[in-house]
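Note: the block below is structure-v3.tsv and it holds TSV, C-alpha atoms and all ligand atoms.
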```
chain	number	residue	atom	x	y	z
A	6	MET	CA	0.00	0.00	0.00
A	7	LYS	CA	1.01	3.65	-0.25
A	8	ALA	CA	1.80	5.50	2.97
A	9	LEU	CA	3.19	8.86	4.02
A	10	LEU	CA	6.31	7.76	5.82
A	11	LYS	CA	8.23	9.95	8.26
A	12	ASN	CA	11.90	9.09	8.45
A	13	GLY	CA	14.12	11.50	10.32
A	14	LYS	CA	13.11	14.93	9.05
A	15	SER	CA	11.86	13.70	5.69
A	16	VAL	CA	8.28	12.74	4.95
A	17	THR	CA	7.72	10.88	1.70
A	18	VAL	CA	5.08	8.79	-0.02
A	19	ALA	CA	6.46	5.27	0.08
A	20	LYS	CA	5.38	1.69	-0.30
A	21	SER	CA	4.60	-0.03	2.96
A	22	ALA	CA	3.24	-3.48	3.77
A	23	LYS	CA	-0.53	-3.55	4.23
A	24	PRO	CA	-1.14	-4.22	7.94
A	25	VAL	CA	-2.70	-7.49	9.06
A	26	ALA	CA	-5.22	-7.51	11.91
A	27	ALA	CA	-3.81	-9.16	15.05
A	28	ASP	CA	-6.36	-10.94	17.26
A	29	THR	CA	-7.56	-7.79	19.02
A	30	GLN	CA	-7.03	-5.39	16.13
A	31	VAL	CA	-9.11	-3.93	13.33
A	32	VAL	CA	-7.71	-2.99	9.92
A	33	ILE	CA	-9.38	0.11	8.50
A	34	GLN	CA	-9.26	1.26	4.89
A	35	VAL	CA	-8.65	4.94	5.45
A	36	GLY	CA	-11.25	7.13	3.75
A	37	LEU	CA	-9.95	10.44	5.00
A	38	ALA	CA	-7.25	11.58	7.44
A	39	GLY	CA	-6.80	15.09	8.78
A	40	LEU	CA	-3.47	16.83	9.31
A	41	CYS	CA	-2.92	17.87	12.92
A	42	ARG	CA	-0.28	20.22	14.29
A	43	THR	CA	0.95	17.22	16.27
A	44	ASP	CA	1.78	15.51	12.96
A	45	ILE	CA	3.74	18.57	11.86
A	46	TYR	CA	5.68	18.71	15.13
A	47	ALA	CA	6.52	15.01	14.82
A	48	ALA	CA	7.59	15.48	11.19
A	49	GLN	CA	9.80	18.41	12.20
A	50	GLY	CA	11.42	16.41	15.00
A	51	LYS	CA	9.89	18.57	17.76
A	52	LEU	CA	8.12	15.49	19.08
A	53	LYS	CA	10.27	12.43	19.51
A	54	VAL	CA	8.83	9.42	17.69
A	55	ARG	CA	10.36	6.32	16.21
A	56	ASP	CA	11.57	6.13	12.61
A	57	PRO	CA	10.20	5.19	10.22
A	58	LEU	CA	6.63	5.99	11.23
A	59	ILE	CA	3.32	6.58	9.49
A	60	LEU	CA	1.83	9.71	11.08
A	61	GLY	CA	-1.87	10.61	11.27
A	62	HIS	CA	-4.43	10.10	14.03
A	63	GLU	CA	-7.54	12.00	12.88
A	64	LEU	CA	-9.22	9.62	10.49
A	65	ALA	CA	-12.30	7.86	9.30
A	66	GLY	CA	-12.75	4.91	7.00
A	67	THR	CA	-14.21	1.49	6.43
A	68	VAL	CA	-13.41	-1.68	8.35
A	69	ASP	CA	-11.38	-3.95	6.06
A	70	ALA	CA	-10.69	-6.84	8.44
A	71	VAL	CA	-11.14	-7.70	12.11
A	72	GLY	CA	-9.00	-9.89	14.37
A	73	SER	CA	-10.28	-13.24	15.62
A	74	ALA	CA	-11.04	-11.91	19.12
A	75	VAL	CA	-12.86	-8.77	17.98
A	76	GLU	CA	-16.59	-8.58	18.62
A	77	GLY	CA	-19.13	-6.01	17.52
A	78	LEU	CA	-17.28	-4.77	14.43
A	79	LYS	CA	-17.38	-6.19	10.92
A	80	SER	CA	-15.89	-5.47	7.55
A	81	GLY	CA	-17.63	-2.82	5.53
A	82	GLN	CA	-18.58	-0.86	8.64
A	83	ARG	CA	-17.86	2.89	8.56
A	84	VAL	CA	-15.79	3.94	11.57
A	85	THR	CA	-13.56	6.52	13.18
A	86	VAL	CA	-10.81	6.09	15.79
A	87	ASN	CA	-10.19	7.44	19.27
A	88	PRO	CA	-6.39	7.66	18.96
A	89	ILE	CA	-5.63	7.41	22.68
A	90	LEU	CA	-4.04	4.06	23.56
A	91	ARG	CA	-4.59	2.43	26.95
A	92	CYS	CA	-2.79	-0.33	28.84
A	93	HIS	CA	-5.97	-1.71	30.48
A	94	GLN	CA	-3.75	-2.82	33.40
A	95	CYS	CA	-3.14	0.28	35.52
A	96	ASN	CA	-5.50	1.44	38.26
A	97	ARG	CA	-6.49	4.50	36.27
A	98	CYS	CA	-7.51	2.36	33.30
A	99	LYS	CA	-9.46	0.07	35.61
A	100	GLN	CA	-11.29	3.09	37.00
A	101	GLY	CA	-12.05	4.41	33.52
A	102	GLU	CA	-9.64	7.33	33.90
A	103	SER	CA	-6.80	8.36	31.57
A	104	CYS	CA	-4.10	5.69	31.37
A	105	CYS	CA	-0.85	6.17	33.34
A	106	ASP	CA	1.17	4.91	30.38
A	107	THR	CA	-0.87	6.26	27.51
A	108	GLY	CA	0.20	6.18	23.88
A	109	PHE	CA	-1.18	7.65	20.71
A	110	VAL	CA	-2.07	6.31	17.28
A	111	GLY	CA	0.25	7.89	14.72
A	112	LEU	CA	2.93	8.67	17.33
A	113	ASP	CA	3.52	5.45	19.25
A	114	MET	CA	2.28	3.19	16.46
A	115	ASP	CA	1.71	3.61	12.73
A	116	GLY	CA	-1.06	6.07	11.93
A	117	GLY	CA	-3.62	6.91	9.30
A	118	PHE	CA	-1.65	8.62	6.51
A	119	ALA	CA	-1.83	5.39	4.55
A	120	GLU	CA	-4.30	3.34	2.58
A	121	TYR	CA	-4.81	1.04	5.58
A	122	ILE	CA	-4.20	1.21	9.31
A	123	ALA	CA	-4.35	-1.47	12.02
A	124	VAL	CA	-5.59	-0.25	15.40
A	125	PRO	CA	-6.73	-1.87	18.65
A	126	ALA	CA	-10.44	-2.67	18.41
A	127	TYR	CA	-11.22	-0.67	21.57
A	128	THR	CA	-10.20	2.53	19.74
A	129	VAL	CA	-12.70	1.99	16.92
A	130	LEU	CA	-16.01	3.85	16.97
A	131	PRO	CA	-18.80	3.02	14.48
A	132	LEU	CA	-20.29	5.95	12.56
A	133	ALA	CA	-23.92	6.75	11.93
A	134	ASP	CA	-24.81	6.51	8.23
A	135	ASP	CA	-25.30	10.24	7.86
A	136	VAL	CA	-21.89	11.22	9.30
A	137	SER	CA	-19.44	11.88	6.47
A	138	PHE	CA	-15.79	10.82	6.63
A	139	LEU	CA	-14.91	14.52	6.56
A	140	HIS	CA	-16.92	15.22	9.70
A	141	ALA	CA	-15.89	11.95	11.36
A	142	ALA	CA	-12.19	12.73	10.90
A	143	TYR	CA	-12.75	15.75	13.15
A	144	THR	CA	-13.92	13.53	16.04
A	145	GLU	CA	-10.65	13.67	17.98
A	146	PRO	CA	-10.08	17.45	17.83
A	147	VAL	CA	-13.73	18.12	18.57
A	148	ALA	CA	-13.60	15.68	21.51
A	149	ALA	CA	-10.45	17.44	22.75
A	150	SER	CA	-12.30	20.76	22.42
A	151	LEU	CA	-15.23	19.44	24.42
A	152	ALA	CA	-12.87	18.45	27.23
A	153	VAL	CA	-12.98	22.09	28.33
A	154	LEU	CA	-16.52	21.43	29.49
A	155	LYS	CA	-15.11	18.95	32.04
A	156	SER	CA	-13.09	21.73	33.65
A	157	GLY	CA	-16.00	22.80	35.79
A	158	ILE	CA	-15.84	26.35	34.40
A	159	THR	CA	-19.28	27.87	34.33
A	160	PRO	CA	-20.54	31.10	32.80
A	161	SER	CA	-20.65	32.69	36.23
A	162	ASP	CA	-16.87	32.28	36.48
A	163	GLY	CA	-16.43	35.06	33.92
A	164	ASN	CA	-13.53	35.28	31.49
A	165	ALA	CA	-11.31	32.52	30.15
A	166	THR	CA	-8.31	32.46	27.85
A	167	VAL	CA	-7.77	29.85	25.16
A	168	ILE	CA	-4.12	29.57	24.14
A	169	GLY	CA	-3.39	28.13	20.71
A	170	SER	CA	-4.26	28.49	17.06
A	171	THR	CA	-5.03	24.89	16.25
A	172	VAL	CA	-8.33	23.33	15.29
A	173	THR	CA	-8.64	22.20	18.90
A	174	ALA	CA	-8.09	25.69	20.26
A	175	THR	CA	-10.53	27.12	17.75
A	176	GLY	CA	-13.00	24.37	18.63
A	177	THR	CA	-12.53	25.06	22.31
A	178	THR	CA	-13.31	28.69	21.63
A	179	TYR	CA	-16.42	27.61	19.76
A	180	VAL	CA	-17.77	25.11	22.27
A	181	SER	CA	-17.01	27.39	25.18
A	182	GLY	CA	-18.77	30.25	23.46
A	183	TYR	CA	-20.83	30.87	26.56
A	184	LEU	CA	-17.68	32.14	28.25
A	185	ASN	CA	-17.03	35.85	28.01
A	186	ASP	CA	-14.20	37.37	26.02
A	187	VAL	CA	-12.39	34.22	25.02
A	188	ILE	CA	-9.06	35.30	23.58
A	189	GLU	CA	-7.25	33.20	21.04
A	190	LEU	CA	-3.49	33.60	21.01
A	191	THR	CA	-1.18	32.40	18.28
A	192	TRP	CA	1.23	29.61	19.11
A	193	LEU	CA	4.61	31.14	18.38
A	194	CYS	CA	7.10	28.31	18.45
B	201	ZN	ZN	-4.83	15.83	16.50
B	202	ZN	ZN	-3.50	2.10	31.78
```
Please express what this file holds, its structure, as structure tokens.
Ligand SMILES: [Zn+2]
Ligand SMILES: [Zn+2]
Amino acid sequence: MKALLKNGKSVTVAKSAKPVAADTQVVIQVGLAGLCRTDIYAAQGKLKVRDPLILGHELAGTVDAVGSAVEGLKSGQRVTVNPILRCHQCNRCKQGESCCDTGFVGLDMDGGFAEYIAVPAYTVLPLADDVSFLHAAYTEPVAASLAVLKSGITPSDGNATVIGSTVTATGTTYVSGYLNDVIELTWLC
């Protein structure tokens, strides 16, 4: 298959072996993958990742194959991915909190800038028929934006500042629109 392969500070379209679904994995034929600032930082070497690596974690596509232990997903199903990896062993995982040893699709394992990607089945989320791949690929940044609502900030708290110029920061500004005078600053590094 074709993949966008990061190697050192070069990113090139290269041939890569089509992934095979391990027992607990799902192989997705990528329909659309969004470019995140995280991908750019990794490509520029500002984020340390292994080489070579297929970047990309904001994606949607169609299930191509499922591993033998995977239940509830089948080929042909339209899906997106929650790119946060979990160990399922630590106390935080057991309590449904963020993993102590978390990893990320497209940073700690090959990502979605390819024709196919293999991911753990627990990261795969089925899509409703009327959700386009374009909209579904925004699931992760929109979810990250919505996390601001977990902060406990309420309109009565007054002003808030959103730092960043990414989709997530813009989304945070949007979803927290009930806050007064949200200021968006440009990330300068
Ligand atoms: Zn992202
Ligand atoms: Zn864990």
I'd like a table as CSV: residues in chain A with an atom no more than 10 Å from ligand ZN 201 (chain B), each row giving the shortest atom pair and its distance in Å to one decimal, all atoms listed in the file counted, sorted by chain and rising residue number.
```
residue,atom,partner,partner_atom,distance
A:Gly39,CA,B:ZN201,ZN,8.0
A:Leu40,CA,B:ZN201,ZN,7.4
A:Cys41,CA,B:ZN201,ZN,4.5
A:Arg42,CA,B:ZN201,ZN,6.7
A:Thr43,CA,B:ZN201,ZN,5.9
A:Asp44,CA,B:ZN201,ZN,7.5
A:Gly61,CA,B:ZN201,ZN,8.0
A:His62,CA,B:ZN201,ZN,6.3
A:Glu63,CA,B:ZN201,ZN,5.9
A:Leu64,CA,B:ZN201,ZN,9.7
A:Pro88,CA,B:ZN201,ZN,8.7
A:Phe109,CA,B:ZN201,ZN,9.9
A:Val110,CA,B:ZN201,ZN,9.9
A:Gly111,CA,B:ZN201,ZN,9.6
A:Ala142,CA,B:ZN201,ZN,9.8
A:Tyr143,CA,B:ZN201,ZN,8.6
A:Thr144,CA,B:ZN201,ZN,9.4
A:Glu145,CA,B:ZN201,ZN,6.4
A:Pro146,CA,B:ZN201,ZN,5.7
A:Val147,CA,B:ZN201,ZN,9.4
A:Ala149,CA,B:ZN201,ZN,8.6
A:Thr171,CA,B:ZN201,ZN,9.1
A:Val172,CA,B:ZN201,ZN,8.4
A:Thr173,CA,B:ZN201,ZN,7.8
```
Separation of atom CA of Cys92 of chain A from atom CA of Gln49 of chain A in Å: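 Answer for the atom CA of Gln49 of chain A to atom CA of Cys92 of chain A separation: 28.0 Å.
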message: Ranking A:Leu151, A:Val32, A:Leu130, A:Ile59 by minimum distance to Asp113 of chain A and counting all atoms listed in the file, which one comes first?
response: A:Ile59
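For ligand ZN 202 (chain B), the neighbouring polymer residues at 7 Å or closer are Arg91, Cys92, His93, Gln94, Cys95, Asn96, Arg97, Cys98, Cys104, Cys105, Asp106 and Thr107 of chain A, all atoms listed in the file being used.
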task: Using all atoms listed in the file, determine which residues lie at most 7 Å from Asp56 of chain A, disregarding the query and same-chain residues fewer than 3 positions distant; provide the list as a ChimeraX atom specification.
output: /A:11-13
List the spatial neighbours of Thr67 of chain A as a short mmCIF file (atom, residue, chain, number, x, y, z; two decimals) with C-alpha atoms, in the coordinates of the input - criterion: any atom at most 8 Å away, all atoms listed in the file, same-chain residues fewer than 3 positions off excluded.
```
data_model
loop_
_atom_site.label_atom_id
_atom_site.label_comp_id
_atom_site.auth_asym_id
_atom_site.auth_seq_id
_atom_site.Cartn_x
_atom_site.Cartn_y
_atom_site.Cartn_z
CA ILE A 33 -9.38 0.11 8.50
CA GLN A 34 -9.26 1.26 4.89
CA VAL A 35 -8.65 4.94 5.45
CA GLY A 36 -11.25 7.13 3.75
CA SER A 80 -15.89 -5.47 7.55
CA GLY A 81 -17.63 -2.82 5.53
CA GLN A 82 -18.58 -0.86 8.64
CA ARG A 83 -17.86 2.89 8.56
CA VAL A 84 -15.79 3.94 11.57
#
```
- prompt: Suppose you want the space between atom CA of Thr29 of chain A and atom CA of Leu132 of chain A; what is it in Å?
  reply: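 Separation between atom CA of Thr29 of chain A and atom CA of Leu132 of chain A: 19.8 Å.
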query: Mind pulling up the distance from atom CA of Thr128 of chain A to atom CA of Lys53 of chain A?
result: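 We find that atom CA of Lys53 of chain A and atom CA of Thr128 of chain A lie 22.7 Å from each other.
Take the candidates A:Thr17, A:Ile89, A:Gly66, A:Ser73 and check each one against Met114 of chain A using all atoms listed in the file; the shortest distance goes to A:Ile89.
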